[in-house]
Structures are given as structure tokens and as C-alpha cells.
>>> print(open('entry-v4.cif').read())   # mmCIF, C-alpha atoms
data_query
#
loop_
_atom_site.label_atom_id
_atom_site.label_comp_id
_atom_site.auth_asym_id
_atom_site.auth_seq_id
_atom_site.Cartn_x
_atom_site.Cartn_y
_atom_site.Cartn_z
CA MET A 1 31.08 13.20 119.65
CA SER A 2 29.13 15.62 117.57
CA VAL A 3 26.28 17.85 118.66
CA ARG A 4 22.88 16.70 117.50
CA THR A 5 21.19 19.41 115.47
CA ILE A 6 18.27 19.44 113.09
CA THR A 7 18.44 20.91 109.60
CA VAL A 8 15.56 22.56 107.79
CA LYS A 9 15.32 19.42 105.68
CA GLU A 10 14.78 17.27 108.77
CA ILE A 11 12.14 19.66 110.10
CA LEU A 12 10.43 19.50 106.71
CA SER A 13 10.48 15.69 106.67
CA ARG A 14 8.91 15.58 110.15
CA VAL A 15 6.22 18.03 109.08
CA ARG A 16 5.55 16.07 105.89
CA GLN A 17 4.65 13.01 107.96
CA VAL A 18 1.30 14.72 108.53
CA PHE A 19 1.27 17.31 105.74
CA PRO A 20 2.82 15.52 102.75
CA ASP A 21 2.06 18.26 100.21
CA VAL A 22 3.23 21.29 102.12
CA PRO A 23 5.60 23.48 100.03
CA GLU A 24 9.11 23.75 101.46
CA LYS A 25 9.18 27.54 100.93
CA TYR A 26 6.13 27.92 103.14
CA VAL A 27 7.70 25.79 105.87
CA MET A 28 10.86 27.88 105.66
CA THR A 29 8.79 31.06 106.06
CA LEU A 30 7.14 29.59 109.14
CA ILE A 31 10.53 28.57 110.58
CA ASN A 32 11.78 32.13 110.07
CA ASP A 33 8.67 33.48 111.81
CA ALA A 34 9.42 31.15 114.72
CA LEU A 35 13.04 32.32 114.83
CA VAL A 36 11.91 35.95 115.11
CA GLU A 37 9.73 34.97 118.07
CA LEU A 38 12.56 32.94 119.62
CA GLY A 39 14.84 35.97 119.32
CA MET A 40 12.69 37.68 121.94
CA TYR A 41 13.71 35.07 124.51
CA ASN A 42 17.40 35.87 124.93
CA SER A 43 18.69 32.95 122.91
CA LYS A 44 21.61 34.56 121.08
CA VAL A 45 24.15 36.90 122.67
CA SER A 46 26.31 39.01 120.36
CA THR A 47 29.06 41.58 120.79
CA ALA A 48 29.74 44.48 118.45
CA LYS A 49 32.01 47.48 118.23
CA ILE A 50 30.79 50.89 117.11
CA SER A 51 32.91 53.97 116.50
CA THR A 52 32.05 57.17 118.29
CA ALA A 53 31.67 60.44 116.41
CA ALA A 54 32.42 63.81 117.93
CA ASN A 55 29.25 65.54 119.17
CA GLN A 56 27.05 62.59 118.24
CA MET A 57 24.63 61.51 120.91
CA TYR A 58 22.42 59.04 119.04
CA TYR A 59 23.69 55.78 117.50
CA SER A 60 21.23 53.73 115.49
CA LEU A 61 20.23 50.25 116.62
CA ALA A 62 17.61 49.81 113.89
CA ASP A 63 17.30 46.49 112.07
CA ALA A 64 19.69 47.63 109.33
CA ALA A 65 22.25 49.31 111.64
CA LYS A 66 25.85 48.20 111.18
CA ASP A 67 28.94 47.94 113.35
CA THR A 68 32.42 49.23 112.51
CA SER A 69 33.16 46.16 110.39
CA ASP A 70 30.00 46.73 108.36
CA ASN A 71 28.18 43.75 109.89
CA ILE A 72 24.46 44.14 110.46
CA LEU A 73 23.86 44.32 114.22
CA GLU A 74 20.38 42.71 114.45
CA VAL A 75 19.90 44.02 117.98
CA ASN A 76 16.98 42.93 120.12
CA LYS A 77 18.11 44.17 123.53
CA VAL A 78 21.30 45.83 124.68
CA PHE A 79 22.33 44.70 128.17
CA LYS A 80 25.93 45.89 128.59
CA VAL A 81 27.90 48.80 127.18
CA TYR A 82 31.64 49.40 127.42
CA ILE A 83 33.65 52.48 126.43
CA MET A 84 37.30 52.46 125.48
CA ASP A 85 39.42 54.31 128.05
CA ASP A 86 42.77 56.07 127.58
CA ASP A 87 44.63 52.74 127.84
CA GLY A 88 42.56 51.17 125.07
CA ASP A 89 40.66 48.96 127.54
CA TYR A 90 36.91 48.60 127.46
CA MET A 91 35.27 49.69 130.71
CA GLN A 92 31.62 49.02 131.49
CA ILE A 93 29.51 52.14 131.86
CA PRO A 94 26.21 52.51 133.74
CA ARG A 95 22.80 52.77 132.16
CA ILE A 96 20.72 55.68 133.40
CA ILE A 97 17.03 55.46 134.08
CA ASP A 98 16.23 59.16 134.22
CA THR A 99 16.71 60.22 130.62
CA ASN A 100 15.61 63.82 131.12
CA ILE A 101 18.90 65.32 130.06
CA LEU A 102 18.78 69.09 129.83
CA LEU A 103 21.05 69.42 126.80
CA THR A 104 20.06 67.56 123.65
CA ASP A 105 22.14 66.75 120.64
CA VAL A 106 22.31 69.22 117.77
CA SER A 107 24.38 67.28 115.28
CA SER A 108 22.82 63.84 115.14
CA GLU A 109 19.15 64.67 115.24
CA SER A 110 18.91 63.11 111.78
CA ALA A 111 19.40 59.76 113.49
CA LEU A 112 15.96 60.18 114.97
CA ASN A 113 12.71 59.82 113.09
CA VAL A 114 11.44 62.99 111.53
CA PRO A 115 7.85 63.57 110.40
CA ASP A 116 6.98 62.52 106.85
CA SER A 117 7.30 65.26 104.25
CA ASP A 118 3.79 64.67 102.80
CA MET B 1 43.29 54.32 118.94
CA ALA B 2 42.49 54.87 122.61
CA SER B 3 40.13 57.59 123.80
CA ASN B 4 41.02 60.44 126.14
CA ILE B 5 38.54 59.30 128.75
CA LYS B 6 40.40 58.06 131.83
CA TYR B 7 37.46 56.73 133.85
CA PRO B 8 34.56 55.86 131.50
CA GLU B 9 32.69 54.19 134.37
CA ASN B 10 32.36 57.62 136.01
CA SER B 11 32.29 59.81 132.94
CA CYS B 12 29.94 58.02 130.55
CA VAL B 13 26.34 56.84 130.73
CA TRP B 14 23.95 55.31 128.24
CA TYR B 15 20.29 54.74 127.66
CA ILE B 16 18.00 53.59 124.87
CA GLU B 17 15.58 55.90 123.11
CA GLY B 18 13.41 54.07 120.59
CA ASP B 19 15.74 52.43 118.10
CA ASN B 20 18.70 54.52 119.19
CA PHE B 21 21.49 54.01 121.64
CA VAL B 22 22.31 57.28 123.44
CA LEU B 23 25.79 57.95 124.80
CA LEU B 24 26.53 60.85 127.15
CA THR B 25 29.73 62.00 128.80
CA ASN B 26 30.69 64.71 131.26
CA VAL B 27 34.18 65.23 129.86
CA ASP B 28 35.50 67.24 126.94
CA SER B 29 37.60 65.99 124.02
CA SER B 30 40.75 66.12 126.18
CA GLY B 31 39.20 64.07 128.94
CA ASN B 32 38.77 67.00 131.36
CA LEU B 33 35.53 67.36 133.30
CA ASN B 34 32.99 69.77 131.86
CA THR B 35 32.77 72.82 134.05
CA THR B 36 29.38 74.15 132.99
CA GLU B 37 26.78 72.85 135.41
CA ARG B 38 23.85 73.21 133.02
CA LYS B 39 25.63 71.52 130.12
CA ASN B 40 27.55 68.97 132.12
CA TRP B 41 26.24 65.83 130.37
CA LYS B 42 26.41 65.95 126.62
CA ALA B 43 27.40 63.97 123.54
CA ILE B 44 30.90 62.50 123.44
CA GLN B 45 33.36 65.09 122.14
CA GLU B 46 35.79 62.86 120.29
CA ALA B 47 35.74 60.36 117.45
CA VAL B 48 37.15 57.00 118.53
CA THR B 49 37.31 54.03 116.18
CA ASP B 50 35.68 51.03 117.89
CA GLY B 51 35.12 53.27 120.91
CA ILE B 52 31.90 51.54 121.97
CA LEU B 53 31.52 47.84 122.72
CA ILE B 54 27.97 46.60 123.18
CA LYS B 55 26.71 43.23 124.32
CA TYR B 56 23.20 42.42 123.28
CA TYR B 57 20.62 39.78 122.57
CA ALA B 58 20.52 39.42 118.81
CA GLU B 59 18.07 38.11 116.26
CA PRO B 60 18.84 34.54 115.20
CA ASP B 61 19.85 34.27 111.52
CA SER B 62 17.04 33.29 109.20
CA VAL B 63 17.14 30.05 107.21
CA SER B 64 17.18 30.05 103.42
CA SER B 65 18.06 26.53 102.31
CA LEU B 66 17.23 22.98 103.26
CA SER B 67 20.72 22.33 104.61
CA ASP B 68 20.61 25.29 107.04
CA VAL B 69 20.66 24.58 110.77
CA PRO B 70 18.48 27.04 112.74
CA ASP B 71 20.63 29.59 114.57
CA ILE B 72 19.39 28.71 118.06
CA ASP B 73 20.38 26.28 120.79
CA ASN B 74 19.79 22.70 119.64
CA SER B 75 17.57 22.09 122.68
CA LEU B 76 15.01 24.36 121.00
CA HIS B 77 15.18 22.85 117.52
CA LEU B 78 12.31 20.44 118.09
CA ALA B 79 10.11 23.32 119.18
CA LEU B 80 10.32 24.63 115.62
CA VAL B 81 8.51 21.50 114.42
CA ASP B 82 5.70 22.30 116.85
CA TYR B 83 5.53 25.89 115.63
CA VAL B 84 5.27 24.83 111.99
CA LYS B 85 2.68 22.14 112.71
CA ARG B 86 0.68 24.58 114.81
CA CYS B 87 0.43 26.98 111.87
CA LEU B 88 -0.34 24.24 109.34
CA TYR B 89 -3.08 22.71 111.49
CA MET B 90 -4.60 26.17 111.96
CA ASP B 91 -4.54 26.68 108.17
CA LYS B 92 -6.22 23.31 107.74
CA ALA B 93 -8.85 24.14 110.35
CA GLY B 94 -9.65 27.36 108.53
CA THR B 95 -9.98 25.78 105.10
CA ALA B 96 -11.65 22.45 105.97
CA VAL B 97 -15.20 22.04 104.66
CA ASP B 98 -16.07 19.32 107.15
CA PRO B 99 -16.75 20.88 110.58
CA ASN B 100 -15.47 17.75 112.35
CA GLN B 101 -12.18 17.88 110.48
CA SER B 102 -11.95 21.58 111.27
CA MET B 103 -12.46 20.87 114.97
CA VAL B 104 -9.86 18.09 115.02
CA SER B 105 -7.31 20.32 113.24
CA SER B 106 -8.04 23.18 115.60
CA ASN B 107 -7.43 20.91 118.61
CA ALA B 108 -4.18 19.62 117.09
CA SER B 109 -3.11 23.21 116.49
CA MET B 110 -3.77 24.08 120.11
CA MET B 111 -1.79 21.04 121.28
CA HIS B 112 1.24 22.12 119.26
CA GLN B 113 0.78 25.71 120.45
CA GLN B 114 0.93 24.44 124.03
CA LYS B 115 4.09 22.43 123.33
CA TRP B 116 5.70 25.47 121.68
CA ASP B 117 4.80 27.69 124.63
CA GLU B 118 6.20 25.17 127.11
CA ALA B 119 9.43 24.73 125.19
CA VAL B 120 10.07 28.42 124.60
CA LYS B 121 8.33 30.46 127.27
CA ARG B 122 7.91 28.11 130.23
CA PHE B 123 11.04 25.96 130.15
CA GLY B 124 13.06 27.86 127.54
CA MET B 125 15.29 29.57 130.09
CA LYS B 126 16.13 26.24 131.77
CA LYS B 127 17.05 24.76 128.43
CA ARG B 128 19.24 27.67 127.36
CA ASP B 129 20.87 28.32 130.72
CA LYS B 130 24.49 27.18 130.61
CA THR B 131 25.12 27.70 134.32
CA GLY B 132 24.78 25.18 137.12
CA GLY B 133 25.85 24.46 140.68
CA ALA B 134 26.15 26.76 143.65
CA ARG B 135 26.47 30.51 143.27
CA MET B 136 28.75 32.84 145.17
CA MET B 137 28.14 36.45 146.15
CA ASN B 138 30.73 38.98 145.19
CA VAL B 139 30.51 41.38 148.13
CA PRO B 140 31.60 44.94 147.32
CA ASP B 141 34.64 46.27 149.13
CA PHE B 142 33.62 49.38 151.11
CA ARG B 143 37.11 50.35 152.20
#
>>> encode(input="entry-v4.cif", output="C-alpha cells")
Amino acid sequence: MSVRTITVKEILSRVRQVFPDVPEKYVMTLINDALVELGMYNSKVSTAKISTAANQMYYSLADAAKDTSDNILEVNKVFKVYIMDDDGDYMQIPRIIDTNILLTDVSSESALNVPDSD
Amino acid sequence: MASNIKYPENSCVWYIEGDNFVLLTNVDSSGNLNTTERKNWKAIQEAVTDGILIKYYAEPDSVSSLSDVPDIDNSLHLALVDYVKRCLYMDKAGTAVDPNQSMVSSNASMMHQQKWDEAVKRFGMKKRDKTGGARMMNVPDFR
């Protein structure tokens, strides 16, 4: 038994029942817009590994950020973080709410946004 | 390569600042506790390959060809048809010369908007949820 899924072509044929002249590129753009909105509703869970760097506090989660294997992360929301311990096992670590840490990072400030030069 | 951190659950914390993940530890590169009170929590002191594992909600992959299957649960595939029709009817309502046709298109757009909202926002969690049946509490051991 196979899982019933719908391809872009099938979506297009359903749409063309009422809009026969709609260009397929436009429909694809609209589908991609819908997928961005759907991404905000916890539909896809992913796992990624990132390497730590000595004295680095900030690790980018921007749209183009990559994991150790050079895959683009595409993060919407992080909900669990694990750190490798001295046995090589990943242990979950807590998230803190009070982020007023006295000491800031001096080596990875470039990971943060800096004002424009102009 | 393992790290030198023996108890990450006690020695590491994280938070999010803008588009950045912030990792702090209270141990040095050898895994010993930092002794300076003022500078107790600071950036990790060692480089560990694959040292961080994150679990996160990710963006679905975009589609680029007619044979692509949208990268979401199949229970939500039909909602995409509603989203597309919603936009197309709204386009039609905006460009129609006849006010009656504009009104009809606008109403059709709202109907598809409602169906999209119901599928994604109202009942989306029920459709995506892969759990069922009774739940059990895992009571912490205070010994």
C-alpha cells in the first residue's frame, strides 16, 4: 500500500479546473509561498550537528547557515539542544530564559549584525 | 572526538539571540569548573567536531518542478490547492471590470482562505500529530 500524495502537477490540474490559463510558474510560486507559511506550524522536524569552536559563543542560525556536513539548516525554531560529553554521547542541555550574561564573547562578535558602513 | 565536558546538562546552557544560537559553559577546556565568579559562564573553551546536536522545526523544501511532491505531511497537501485558489481568486477580484464578478471572486477567495485557515491553523495540529491513546506521567525520582 502506498501513501497517497499530490504532486505539483496534480495541484496545477485541480487549479486549472477553474483557472485554465494560469501559468504553472505562478502556481509554483504560490505553492512555495504556502510552504513558507506552513513551515511556521511545526510541520517538519530536523536534526543537525554543528561543530563547536573554542571561545565562540554565537553560532549562526540564519537562512543560509550550514551544519558540519555543509547542509543548509533552514531553521525555524530550535526546541532541543544536546552537547557531546566526554564519552561521545549527546546530552540534552537546558535553555536559559535570563540571557543577561555578564561576560560577552570577544571572538565571535562578527557573527552578529554590525551597522552598515555607509 | 569526544569533548572534555563530563556533565553537559549541568555545565552548558543555551539561548537564542536573533538569528544566533548562543552556547555557554561554566567549565574550561579541560572540563574543570571555572573558578572566577564574575566570569563563570562564558563561551565554550574547546573545538569539538559535531559537538552540538540541535533538533528544530525546519522550513519545508520548496518545489521547482511539476513532479515534485510538497515537503509536508500528505494530510496538508489539499490545503495547498486552497491557498493557490485563494490567491488566484483575489487576483481575479482585483482585475475584474465587472463589479459583480469582482464580488463573486472576492467571496470565493474568502471561502478558500477559510478552508486554508481551518486546515493549517485550526486543525493542522490534529492532522500532523502522530501520537494517540493514553499518556503516562514520568514522575521524577527525588531520592
>>> interface_residues(input="entry-v4.cif", of="chain B", to="chain A", cutoff="6 Å", atoms="only C-alpha atoms", output="PyMOL selection string")
chain B and resi 2-6+9+13-15+19-23+43-60+62+66-69+74+81+84
>>> atom_distance(input="entry-v4.cif", atom1="atom CA of B:Ser105", atom2="atom CA of B:Arg86")
9.2 Å
>>> residues_around(input="entry-v4.cif", residues="stretch 35-42 of chain B", least_positions_apart="5", cutoff="6 Å", atoms="only C-alpha atoms", output="number ranges by chain")
B: 24-26
>>> atom_distance(input="entry-v4.cif", atom1="atom CA of B:Arg135", atom2="atom CA of B:Ser75")
24.0 Å
>>> closest_residue(input="entry-v4.cif", among="B:Cys12, B:Val27, B:Ala79, B:Met1", to="B:Glu118", atoms="only C-alpha atoms")
B:Ala79
>>> resolve_selection(input="entry-v4.cif", expression="the PyMOL selection byres ((chain B and resi 117) around 12)", output="short mmCIF file (atom, residue, chain, number, x, y, z; two decimals) with C-alpha atoms, keeping the file's coordinate frame")
data_model
loop_
_atom_site.label_atom_id
_atom_site.label_comp_id
_atom_site.auth_asym_id
_atom_site.auth_seq_id
_atom_site.Cartn_x
_atom_site.Cartn_y
_atom_site.Cartn_z
CA ALA A 34 9.42 31.15 114.72
CA GLU A 37 9.73 34.97 118.07
CA LEU A 38 12.56 32.94 119.62
CA TYR A 41 13.71 35.07 124.51
CA LEU B 76 15.01 24.36 121.00
CA ALA B 79 10.11 23.32 119.18
CA LEU B 80 10.32 24.63 115.62
CA ASP B 82 5.70 22.30 116.85
CA TYR B 83 5.53 25.89 115.63
CA ARG B 86 0.68 24.58 114.81
CA MET B 110 -3.77 24.08 120.11
CA MET B 111 -1.79 21.04 121.28
CA HIS B 112 1.24 22.12 119.26
CA GLN B 113 0.78 25.71 120.45
CA GLN B 114 0.93 24.44 124.03
CA LYS B 115 4.09 22.43 123.33
CA TRP B 116 5.70 25.47 121.68
CA GLU B 118 6.20 25.17 127.11
CA ALA B 119 9.43 24.73 125.19
CA VAL B 120 10.07 28.42 124.60
CA LYS B 121 8.33 30.46 127.27
CA ARG B 122 7.91 28.11 130.23
CA PHE B 123 11.04 25.96 130.15
CA GLY B 124 13.06 27.86 127.54
CA MET B 125 15.29 29.57 130.09
#
>>> axis_aligned_box(input="entry-v4.cif", around="stretch 92-100 of chain B", padding_each_side="4 Å", output="lines of an AutoDock Vina configuration file")
center_x = -11.5
center_y = 22.6
center_z = 108.5
size_x = 18.5
size_y = 17.6
size_z = 15.7
>>> atom_distance(input="entry-v4.cif", atom1="atom CA of A:Gln17", atom2="atom CA of B:Ser64")
21.6 Å
>>> decode(input="entry-v4.cif", residues="stretch 52-87 of chain A", atoms="C-alpha atoms", output="PDB file, in the first residue's frame")
ATOM      1  CA  THR A  52      31.965  23.994  18.416  1.00  0.00           C
ATOM      2  CA  ALA A  53      34.835  26.457  18.143  1.00  0.00           C
ATOM      3  CA  ALA A  54      36.980  27.467  21.075  1.00  0.00           C
ATOM      4  CA  ASN A  55      35.856  30.786  22.589  1.00  0.00           C
ATOM      5  CA  GLN A  56      32.913  31.081  20.208  1.00  0.00           C
ATOM      6  CA  MET A  57      29.639  31.975  21.823  1.00  0.00           C
ATOM      7  CA  TYR A  58      27.430  32.722  18.816  1.00  0.00           C
ATOM      8  CA  TYR A  59      26.521  30.143  16.147  1.00  0.00           C
ATOM      9  CA  SER A  60      24.532  31.342  13.170  1.00  0.00           C
ATOM     10  CA  LEU A  61      21.034  30.018  12.517  1.00  0.00           C
ATOM     11  CA  ALA A  62      20.374  32.376   9.604  1.00  0.00           C
ATOM     12  CA  ASP A  63      18.643  31.088   6.473  1.00  0.00           C
ATOM     13  CA  ALA A  64      21.973  30.262   4.812  1.00  0.00           C
ATOM     14  CA  ALA A  65      23.639  28.725   7.901  1.00  0.00           C
ATOM     15  CA  LYS A  66      25.121  25.265   7.404  1.00  0.00           C
ATOM     16  CA  ASP A  67      25.797  22.235   9.570  1.00  0.00           C
ATOM     17  CA  THR A  68      29.057  20.275   9.790  1.00  0.00           C
ATOM     18  CA  SER A  69      28.225  18.332   6.627  1.00  0.00           C
ATOM     19  CA  ASP A  70      27.666  21.576   4.717  1.00  0.00           C
ATOM     20  CA  ASN A  71      23.889  21.118   4.552  1.00  0.00           C
ATOM     21  CA  ILE A  72      21.784  24.248   4.814  1.00  0.00           C
ATOM     22  CA  LEU A  73      19.977  24.183   8.167  1.00  0.00           C
ATOM     23  CA  GLU A  74      16.754  26.062   7.265  1.00  0.00           C
ATOM     24  CA  VAL A  75      15.902  26.563  10.930  1.00  0.00           C
ATOM     25  CA  ASN A  76      12.556  27.947  12.009  1.00  0.00           C
ATOM     26  CA  LYS A  77      12.627  27.131  15.722  1.00  0.00           C
ATOM     27  CA  VAL A  78      15.139  25.261  17.842  1.00  0.00           C
ATOM     28  CA  PHE A  79      13.461  23.194  20.561  1.00  0.00           C
ATOM     29  CA  LYS A  80      16.181  20.858  21.871  1.00  0.00           C
ATOM     30  CA  VAL A  81      19.957  21.132  22.136  1.00  0.00           C
ATOM     31  CA  TYR A  82      22.418  18.395  23.033  1.00  0.00           C
ATOM     32  CA  ILE A  83      26.152  18.658  23.748  1.00  0.00           C
ATOM     33  CA  MET A  84      28.629  15.849  23.307  1.00  0.00           C
ATOM     34  CA  ASP A  85      30.062  14.714  26.651  1.00  0.00           C
ATOM     35  CA  ASP A  86      33.415  13.063  27.394  1.00  0.00           C
ATOM     36  CA  ASP A  87      32.038   9.646  26.365  1.00  0.00           C
TER      37      ASP A  87
END
